[in-house]
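Read the structure below first, then the notes.
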Amino acid sequence: MTPTYYAPHGGHPGQDQLLTDRAIFTESYAVIPKGTMRDIVTSFLPFWDGTRLWVLSRPLSGFAETFSQYIMEVQPGGGSDRPETDAQAEAVLFVVEGSASLTVGGKTHELTPGGYAYLPPACGWTLRNTGDQTLRFHWIRKAYEPVEGLDTPDVLILNEQDITPTPMPGTDGKWATTRFVDPADLRHDMHVTIVTFEPGGVIPFLETHVMEHGLYVLEGKAVYRLNNDWVEVEAGDYMWLRAFCPQACYAGGPGKFRYLLYKDVNRHMPLRPPAGR
């Protein structure tokens with residue numbers, strides 16, 4: 001079965017609607033439900049034309065400090081010839097609607113839904129929507145942490161639909177991860193994967209670990225345990241977790257529960273504050 005990918009379309013609720021929603025921000029996690037992604041909360045970026053975006057997360061001192069995540073919305077003909085203004089920033093792009101014409105290293109690639117691109121720092125990429133439909137994609141940014149003796153990672157252009165998910169041991173395939181990067185490749189300091197649960201699948205313990213997370217629900221619904229709370233989430237919702245926030249989940253069905261997951265990996269813990277702080 002071909003995967004589905006939820007994407008926001010903006011707009012505003014009518015004046016007759018209740019204010020009640022599921023948005024919450026705590027000291028250890030945030031839930032940004034799909035109903036909050038309206039026209040009034042969009043942003044714009046320098047050197048991007050025909051484009052707006054929803055900022056889902058950004059580095060915050062004392063919370064999640066390693067990454068930012070956007071949902072980009074690019075109209076036909078729009079895009080950027082100077083998309084990234086930070087030479088130290090690496091990126092992952094993941095397309096959920098429409099198609100993107102991505103040029104990097106002198107080669108142009110067409111990314112369709114499920115399309116993934118890893119872009120190392122200072123690789124000089126550009127992106128345009130050359131199609132006739134609105135393009136929507138996730139853009140995850142992180143300041144790359146170089147390590148002496150390790151090369152910078154290569155550009156990767158892939159599609160989820162060409163990758164076989166890796167089942168978690170002992171789960172009979174009810175919990176699986178689609179990996180775009182070899183976990184043994186220590187050049188990478190972040191992983192962006194897709195996690196899939198079959199109906200009734202669970203994370204059967206409270207994961208508590210150093211990695212920060214961004215989790216965007218692509219499909220389905222579940223009950224997610226975040227710190228002390230059970231929170232209902234569905235396609236289009238975003239969960240933002242600081243390091244060591246306990247987490248677990250139960251996929252309620254009737255279909256698959258799938259999310260796009262960010263985490264920081266493969267580096268020593270910094271023992272001193274950054275210079276200038």
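Labels used: A, B, ... for chains in the order of the structure tokens, numbers from 1 for residues in each chain, and numbers from 1 for ligands as shown.
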Requested in this report: Please provide the set of residues having any atom within 7 Å of Lys34 of chain A, restricted to only C-alpha atoms, with same-chain residues fewer than 2 positions apart removed, written as a PyMOL selection string.
Outcome: chain A and resi 8+32+36-37+236-237
Could you make a table, as JSON lines, of the residues of segment 155-208 of chain A that have an atom within 10 Å of an atom of segment 224-227 of chain A, each with its nearest atom pair and distance in Å to one decimal, counting only C-alpha atoms, in chain and number order?
{"residue": "A:Val202", "atom": "CA", "partner": "A:Tyr224", "partner_atom": "CA", "distance": 9.6}
{"residue": "A:Ile203", "atom": "CA", "partner": "A:Tyr224", "partner_atom": "CA", "distance": 9.3}
{"residue": "A:Phe205", "atom": "CA", "partner": "A:Arg225", "partner_atom": "CA", "distance": 9.9}
{"residue": "A:Leu206", "atom": "CA", "partner": "A:Arg225", "partner_atom": "CA", "distance": 7.9}
{"residue": "A:Glu207", "atom": "CA", "partner": "A:Arg225", "partner_atom": "CA", "distance": 9.8}
{"residue": "A:Thr208", "atom": "CA", "partner": "A:Asn227", "partner_atom": "CA", "distance": 9.3}
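Neighbouring residues of Leu135 of chain A at 10 Å or closer, counting only C-alpha atoms and skipping chain neighbours under 4 positions away, are A:Ala7, A:Thr51, A:Met72, A:Glu73, A:Val74, A:Gln75, A:Pro76, A:Gly78, A:Gly79, A:Val95, A:Val96, A:Glu97, A:Gly98, A:Ser99, A:Ala100, A:Thr112, A:Pro113, A:Arg128, A:Asn129, A:Thr130, A:Gly131.
Remark: for Thr66 of chain A, the closest of the candidate residues A:Tyr116, A:Phe137, A:Tyr144, A:Tyr216 is A:Tyr144 (distances computed over only C-alpha atoms).
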Report task. Determine the nearest neighbour of Leu119 of chain A from the options A:Leu241, A:Ala64, A:Ile71, A:Ala87, counting only C-alpha atoms. Result -> A:Ala87
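Of the residues under consideration (A:Pro254, A:Pro33, A:Gly114, A:Pro146), A:Gly114 shows the shortest atom-to-atom contact distance to Tyr5 of chain A when counting only C-alpha atoms.
One distance worth recording is that between atom CA of Pro121 of chain A and atom CA of Lys107 of chain A, which is 16.8 Å.
For the choices A:Pro246, A:Val210, A:Pro120, A:Gly200, the atom-to-atom distance to Val223 of chain A is smallest for A:Gly200 when using only C-alpha atoms.
The interatomic distance for the pair atom CA of Leu19 of chain A and atom CA of Ala248 of chain A works out to 28.4 Å.
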Query raised in the report: When you draw a straight line from atom CA of Ala143 of chain A to atom CA of His188 of chain A, how long is it in Å?
Result: 11.6 Å
So which residues touch Val217 of chain A within 8 Å, counting only C-alpha atoms, skipping near sequence neighbours fewer than 5 positions away, as a PDB file with all heavy atoms, in the first residue's frame?
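Output below, filename out-v2.pdb:
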ATOM      1  N   TYR A   6       0.472  13.451   5.669  1.00  0.00           N
ATOM      2  CA  TYR A   6      -0.365  14.602   5.982  1.00  0.00           C
ATOM      3  C   TYR A   6       0.442  15.883   5.833  1.00  0.00           C
ATOM      4  O   TYR A   6       1.614  15.947   6.209  1.00  0.00           O
ATOM      5  CB  TYR A   6      -0.913  14.507   7.408  1.00  0.00           C
ATOM      6  CG  TYR A   6      -1.895  15.622   7.718  1.00  0.00           C
ATOM      7  CD1 TYR A   6      -3.255  15.436   7.523  1.00  0.00           C
ATOM      8  CD2 TYR A   6      -1.447  16.866   8.152  1.00  0.00           C
ATOM      9  CE1 TYR A   6      -4.157  16.453   7.777  1.00  0.00           C
ATOM     10  CE2 TYR A   6      -2.342  17.894   8.405  1.00  0.00           C
ATOM     11  CZ  TYR A   6      -3.696  17.681   8.213  1.00  0.00           C
ATOM     12  OH  TYR A   6      -4.578  18.711   8.454  1.00  0.00           O
ATOM     13  N   VAL A 233      -2.673  11.869  19.787  1.00  0.00           N
ATOM     14  CA  VAL A 233      -2.118  12.551  18.624  1.00  0.00           C
ATOM     15  C   VAL A 233      -2.624  11.880  17.358  1.00  0.00           C
ATOM     16  O   VAL A 233      -2.986  10.696  17.363  1.00  0.00           O
ATOM     17  CB  VAL A 233      -0.575  12.563  18.646  1.00  0.00           C
ATOM     18  CG1 VAL A 233      -0.055  13.433  19.783  1.00  0.00           C
ATOM     19  CG2 VAL A 233      -0.012  11.155  18.750  1.00  0.00           C
ATOM     20  N   GLU A 234      -2.637  12.645  16.272  1.00  0.00           N
ATOM     21  CA  GLU A 234      -3.106  12.140  14.989  1.00  0.00           C
ATOM     22  C   GLU A 234      -2.311  12.777  13.866  1.00  0.00           C
ATOM     23  O   GLU A 234      -1.474  13.665  14.098  1.00  0.00           O
ATOM     24  CB  GLU A 234      -4.594  12.447  14.815  1.00  0.00           C
ATOM     25  CG  GLU A 234      -4.914  13.923  14.755  1.00  0.00           C
ATOM     26  CD  GLU A 234      -6.390  14.203  14.528  1.00  0.00           C
ATOM     27  OE1 GLU A 234      -7.140  13.252  14.214  1.00  0.00           O
ATOM     28  OE2 GLU A 234      -6.783  15.370  14.647  1.00  0.00           O
ATOM     29  N   ALA A 235      -2.558  12.333  12.640  1.00  0.00           N
ATOM     30  CA  ALA A 235      -1.840  12.843  11.473  1.00  0.00           C
ATOM     31  C   ALA A 235      -1.885  14.371  11.438  1.00  0.00           C
ATOM     32  O   ALA A 235      -2.948  14.971  11.578  1.00  0.00           O
ATOM     33  CB  ALA A 235      -2.438  12.263  10.198  1.00  0.00           C
ATOM     34  N   GLY A 236      -0.727  14.986  11.264  1.00  0.00           N
ATOM     35  CA  GLY A 236      -0.609  16.435  11.229  1.00  0.00           C
ATOM     36  C   GLY A 236      -0.143  17.049  12.528  1.00  0.00           C
ATOM     37  O   GLY A 236       0.219  18.232  12.553  1.00  0.00           O
ATOM     38  N   ASP A 237      -0.139  16.290  13.622  1.00  0.00           N
ATOM     39  CA  ASP A 237       0.335  16.801  14.913  1.00  0.00           C
ATOM     40  C   ASP A 237       1.855  16.688  15.000  1.00  0.00           C
ATOM     41  O   ASP A 237       2.469  15.815  14.380  1.00  0.00           O
ATOM     42  CB  ASP A 237      -0.284  16.013  16.065  1.00  0.00           C
ATOM     43  CG  ASP A 237      -1.777  16.221  16.206  1.00  0.00           C
ATOM     44  OD1 ASP A 237      -2.310  17.162  15.581  1.00  0.00           O
ATOM     45  OD2 ASP A 237      -2.414  15.448  16.944  1.00  0.00           O
ATOM     46  N   TYR A 238       2.436  17.560  15.837  1.00  0.00           N
ATOM     47  CA  TYR A 238       3.889  17.579  16.035  1.00  0.00           C
ATOM     48  C   TYR A 238       4.197  17.514  17.516  1.00  0.00           C
ATOM     49  O   TYR A 238       3.573  18.218  18.322  1.00  0.00           O
ATOM     50  CB  TYR A 238       4.476  18.864  15.442  1.00  0.00           C
ATOM     51  CG  TYR A 238       5.977  18.982  15.541  1.00  0.00           C
ATOM     52  CD1 TYR A 238       6.813  18.186  14.774  1.00  0.00           C
ATOM     53  CD2 TYR A 238       6.554  19.913  16.398  1.00  0.00           C
ATOM     54  CE1 TYR A 238       8.197  18.307  14.853  1.00  0.00           C
ATOM     55  CE2 TYR A 238       7.938  20.044  16.483  1.00  0.00           C
ATOM     56  CZ  TYR A 238       8.745  19.233  15.707  1.00  0.00           C
ATOM     57  OH  TYR A 238      10.118  19.362  15.791  1.00  0.00           O
ATOM     58  N   PHE A 257       0.205   3.785  12.261  1.00  0.00           N
ATOM     59  CA  PHE A 257       0.613   5.041  12.890  1.00  0.00           C
ATOM     60  C   PHE A 257       2.068   5.281  12.508  1.00  0.00           C
ATOM     61  O   PHE A 257       2.938   4.451  12.792  1.00  0.00           O
ATOM     62  CB  PHE A 257       0.459   4.941  14.406  1.00  0.00           C
ATOM     63  CG  PHE A 257       0.988   6.139  15.157  1.00  0.00           C
ATOM     64  CD1 PHE A 257       0.427   7.391  14.971  1.00  0.00           C
ATOM     65  CD2 PHE A 257       2.049   6.011  16.046  1.00  0.00           C
ATOM     66  CE1 PHE A 257       0.903   8.500  15.656  1.00  0.00           C
ATOM     67  CE2 PHE A 257       2.527   7.108  16.747  1.00  0.00           C
ATOM     68  CZ  PHE A 257       1.954   8.355  16.546  1.00  0.00           C
ATOM     69  N   ARG A 258       2.315   6.413  11.819  1.00  0.00           N
ATOM     70  CA  ARG A 258       3.663   6.663  11.288  1.00  0.00           C
ATOM     71  C   ARG A 258       4.066   8.110  11.574  1.00  0.00           C
ATOM     72  O   ARG A 258       3.263   9.026  11.458  1.00  0.00           O
ATOM     73  CB  ARG A 258       3.692   6.421   9.776  1.00  0.00           C
ATOM     74  CG  ARG A 258       3.279   5.020   9.415  1.00  0.00           C
ATOM     75  CD  ARG A 258       3.409   4.655   7.938  1.00  0.00           C
ATOM     76  NE  ARG A 258       3.472   5.763   7.025  1.00  0.00           N
ATOM     77  CZ  ARG A 258       4.550   6.035   6.271  1.00  0.00           C
ATOM     78  NH1 ARG A 258       5.638   5.290   6.343  1.00  0.00           N
ATOM     79  NH2 ARG A 258       4.517   7.038   5.429  1.00  0.00           N
ATOM     80  N   TYR A 259       5.340   8.284  11.928  1.00  0.00           N
ATOM     81  CA  TYR A 259       5.824   9.646  12.142  1.00  0.00           C
ATOM     82  C   TYR A 259       7.254   9.820  11.647  1.00  0.00           C
ATOM     83  O   TYR A 259       8.044   8.870  11.596  1.00  0.00           O
ATOM     84  CB  TYR A 259       5.704  10.068  13.610  1.00  0.00           C
ATOM     85  CG  TYR A 259       6.353   9.178  14.643  1.00  0.00           C
ATOM     86  CD1 TYR A 259       7.712   9.257  14.939  1.00  0.00           C
ATOM     87  CD2 TYR A 259       5.582   8.271  15.380  1.00  0.00           C
ATOM     88  CE1 TYR A 259       8.292   8.464  15.915  1.00  0.00           C
ATOM     89  CE2 TYR A 259       6.158   7.474  16.366  1.00  0.00           C
ATOM     90  CZ  TYR A 259       7.508   7.571  16.626  1.00  0.00           C
ATOM     91  OH  TYR A 259       8.080   6.783  17.597  1.00  0.00           O
ATOM     92  N   LEU A 260       7.550  11.066  11.264  1.00  0.00           N
ATOM     93  CA  LEU A 260       8.888  11.484  10.877  1.00  0.00           C
ATOM     94  C   LEU A 260       9.614  11.895  12.148  1.00  0.00           C
ATOM     95  O   LEU A 260       9.139  12.757  12.890  1.00  0.00           O
ATOM     96  CB  LEU A 260       8.795  12.660   9.907  1.00  0.00           C
ATOM     97  CG  LEU A 260      10.086  13.144   9.241  1.00  0.00           C
ATOM     98  CD1 LEU A 260      10.579  12.125   8.221  1.00  0.00           C
ATOM     99  CD2 LEU A 260       9.849  14.501   8.564  1.00  0.00           C
TER     100      LEU A 260
END
Query raised in the report: Could you write out, as number ranges by chain, all the residues of segment 25-260 of chain A that DSSP marks as strand (DSSP E or B)?
Result: A: 25, 29-32, 43, 49-57, 67-80, 89-97, 100-104, 107-111, 115-119, 126-128, 135-143, 156-159, 166-167, 175-179, 190-197, 202-207, 213-219, 221-226, 229-234, 238-241, 247-251, 257-260
Mind writing the picked residues with C-alpha atoms as a CSV table (one decimal), in the first residue's frame?
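This went into result-v1.csv:
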chain,number,residue,atom,x,y,z
A,25,PHE,CA,3.9,23.5,26.0
A,29,TYR,CA,7.7,18.5,25.9
A,30,ALA,CA,5.4,20.4,23.5
A,31,VAL,CA,2.5,19.2,21.4
A,32,ILE,CA,1.6,21.4,18.4
A,43,SER,CA,6.6,32.9,8.6
A,49,ASP,CA,9.9,33.6,-3.3
A,50,GLY,CA,6.3,32.3,-3.5
A,51,THR,CA,7.0,30.6,-0.1
A,52,ARG,CA,5.7,30.6,3.4
A,53,LEU,CA,6.4,28.2,6.3
A,54,TRP,CA,5.3,27.0,9.7
A,55,VAL,CA,8.1,26.9,12.2
A,56,LEU,CA,7.5,23.8,14.3
A,57,SER,CA,10.6,24.0,16.5
A,67,PHE,CA,17.7,21.7,15.7
A,68,SER,CA,14.9,23.6,14.0
A,69,GLN,CA,12.1,22.1,11.9
A,70,TYR,CA,9.9,23.9,9.3
A,71,ILE,CA,7.0,22.9,7.1
A,72,MET,CA,7.7,24.7,3.9
A,73,GLU,CA,4.9,25.6,1.4
A,74,VAL,CA,6.1,26.7,-2.0
A,75,GLN,CA,3.8,27.8,-4.8
A,76,PRO,CA,4.4,26.8,-8.5
A,77,GLY,CA,7.4,28.7,-9.8
A,78,GLY,CA,8.5,29.6,-6.2
A,79,GLY,CA,11.6,28.5,-4.4
A,80,SER,CA,15.1,29.8,-3.7
A,89,ALA,CA,23.9,24.2,8.7
A,90,GLU,CA,23.2,20.7,7.4
A,91,ALA,CA,19.7,19.8,6.3
A,92,VAL,CA,17.2,17.1,5.7
A,93,LEU,CA,14.3,17.7,3.3
A,94,PHE,CA,11.3,15.4,3.3
A,95,VAL,CA,8.5,16.0,0.7
A,96,VAL,CA,4.9,15.4,1.7
A,97,GLU,CA,3.0,17.0,-1.2
A,100,ALA,CA,10.6,19.7,-5.7
A,101,SER,CA,13.4,20.3,-8.2
A,102,LEU,CA,16.5,20.2,-6.0
A,103,THR,CA,19.9,21.1,-7.5
A,104,VAL,CA,23.1,20.2,-5.6
A,107,LYS,CA,22.9,17.7,-10.6
A,108,THR,CA,19.1,18.3,-10.5
A,109,HIS,CA,16.9,15.8,-8.7
A,110,GLU,CA,13.1,15.6,-8.6
A,111,LEU,CA,11.7,14.9,-5.2
A,115,GLY,CA,11.4,12.0,-1.2
A,116,TYR,CA,14.3,12.5,1.2
A,117,ALA,CA,17.5,14.6,0.8
A,118,TYR,CA,20.4,14.9,3.2
A,119,LEU,CA,22.4,18.1,2.4
A,126,THR,CA,18.9,25.3,-4.6
A,127,LEU,CA,15.3,24.4,-4.8
A,128,ARG,CA,12.4,25.2,-7.1
A,135,LEU,CA,4.9,21.9,-2.8
A,136,ARG,CA,5.0,21.1,0.9
A,137,PHE,CA,8.1,19.6,2.6
A,138,HIS,CA,9.8,19.4,6.0
A,139,TRP,CA,13.1,21.2,6.3
A,140,ILE,CA,15.1,20.1,9.4
A,141,ARG,CA,18.3,22.1,10.1
A,142,LYS,CA,21.1,21.5,12.5
A,143,ALA,CA,24.6,23.1,13.0
A,156,LEU,CA,21.9,11.6,-0.1
A,157,ILE,CA,18.9,11.6,-2.4
A,158,LEU,CA,16.4,8.8,-1.6
A,159,ASN,CA,12.7,7.9,-1.3
A,166,THR,CA,13.8,-2.5,9.7
A,167,PRO,CA,11.6,-4.3,12.3
A,175,TRP,CA,7.2,-1.6,15.2
A,176,ALA,CA,9.7,-0.8,12.4
A,177,THR,CA,12.0,2.0,11.4
A,178,THR,CA,12.7,3.3,7.9
A,179,ARG,CA,16.4,4.4,7.9
A,190,MET,CA,21.6,13.5,13.3
A,191,HIS,CA,19.2,10.9,12.0
A,192,VAL,CA,15.8,11.5,10.5
A,193,THR,CA,13.8,8.3,10.1
A,194,ILE,CA,10.2,7.2,9.7
A,195,VAL,CA,8.8,5.1,12.5
A,196,THR,CA,5.8,2.8,11.8
A,197,PHE,CA,3.5,1.0,14.2
A,202,VAL,CA,3.5,-0.2,21.3
A,203,ILE,CA,6.7,1.2,22.7
A,204,PRO,CA,6.5,-1.0,25.8
A,205,PHE,CA,8.6,1.0,28.2
A,206,LEU,CA,9.3,4.6,29.0
A,207,GLU,CA,12.2,5.6,26.7
A,213,HIS,CA,13.2,14.7,19.3
A,214,GLY,CA,10.9,16.2,16.8
A,215,LEU,CA,8.1,13.8,15.8
A,216,TYR,CA,5.7,14.8,13.0
A,217,VAL,CA,2.7,12.4,12.6
A,218,LEU,CA,2.5,11.5,8.9
A,219,GLU,CA,-0.4,9.0,9.2
A,221,LYS,CA,-3.4,8.1,15.4
A,222,ALA,CA,-2.1,7.0,18.7
A,223,VAL,CA,-1.9,7.7,22.4
A,224,TYR,CA,1.6,9.0,23.3
A,225,ARG,CA,3.1,9.1,26.8
A,226,LEU,CA,5.1,12.3,27.3
A,229,ASP,CA,0.9,12.6,30.5
A,230,TRP,CA,-0.9,10.4,28.0
A,231,VAL,CA,-1.7,12.6,25.0
A,232,GLU,CA,-3.8,11.7,21.9
A,233,VAL,CA,-2.1,12.6,18.6
A,234,GLU,CA,-3.1,12.1,15.0
A,238,TYR,CA,3.9,17.6,16.0
A,239,MET,CA,5.6,16.5,19.3
A,240,TRP,CA,8.8,18.3,20.4
A,241,LEU,CA,10.8,16.6,23.2
A,247,GLN,CA,8.2,8.6,26.2
A,248,ALA,CA,6.2,5.7,25.0
A,249,CYS,CA,3.2,5.1,22.8
A,250,TYR,CA,0.2,2.9,21.9
A,251,ALA,CA,-1.0,2.8,18.3
A,257,PHE,CA,0.6,5.0,12.9
A,258,ARG,CA,3.7,6.7,11.3
A,259,TYR,CA,5.8,9.6,12.1
A,260,LEU,CA,8.9,11.5,10.9
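Among the candidates A:Arg38, A:Asp154, A:Gly201, A:Ile24, the one nearest to Asp185 of chain A when counting only C-alpha atoms is A:Asp154.
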Report task. Name all residues at most 10 Å from Gly62 of chain A (count only C-alpha atoms; drop same-chain ones fewer than 6 positions away) and give them as JSON, numbers by chain. Result -> {"A": [27, 28, 242, 243]}
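Using only C-alpha atoms, the smallest distance between any of A:Val181, A:Leu271, A:Leu45, A:Met168 and Thr85 of chain A comes from A:Leu45.
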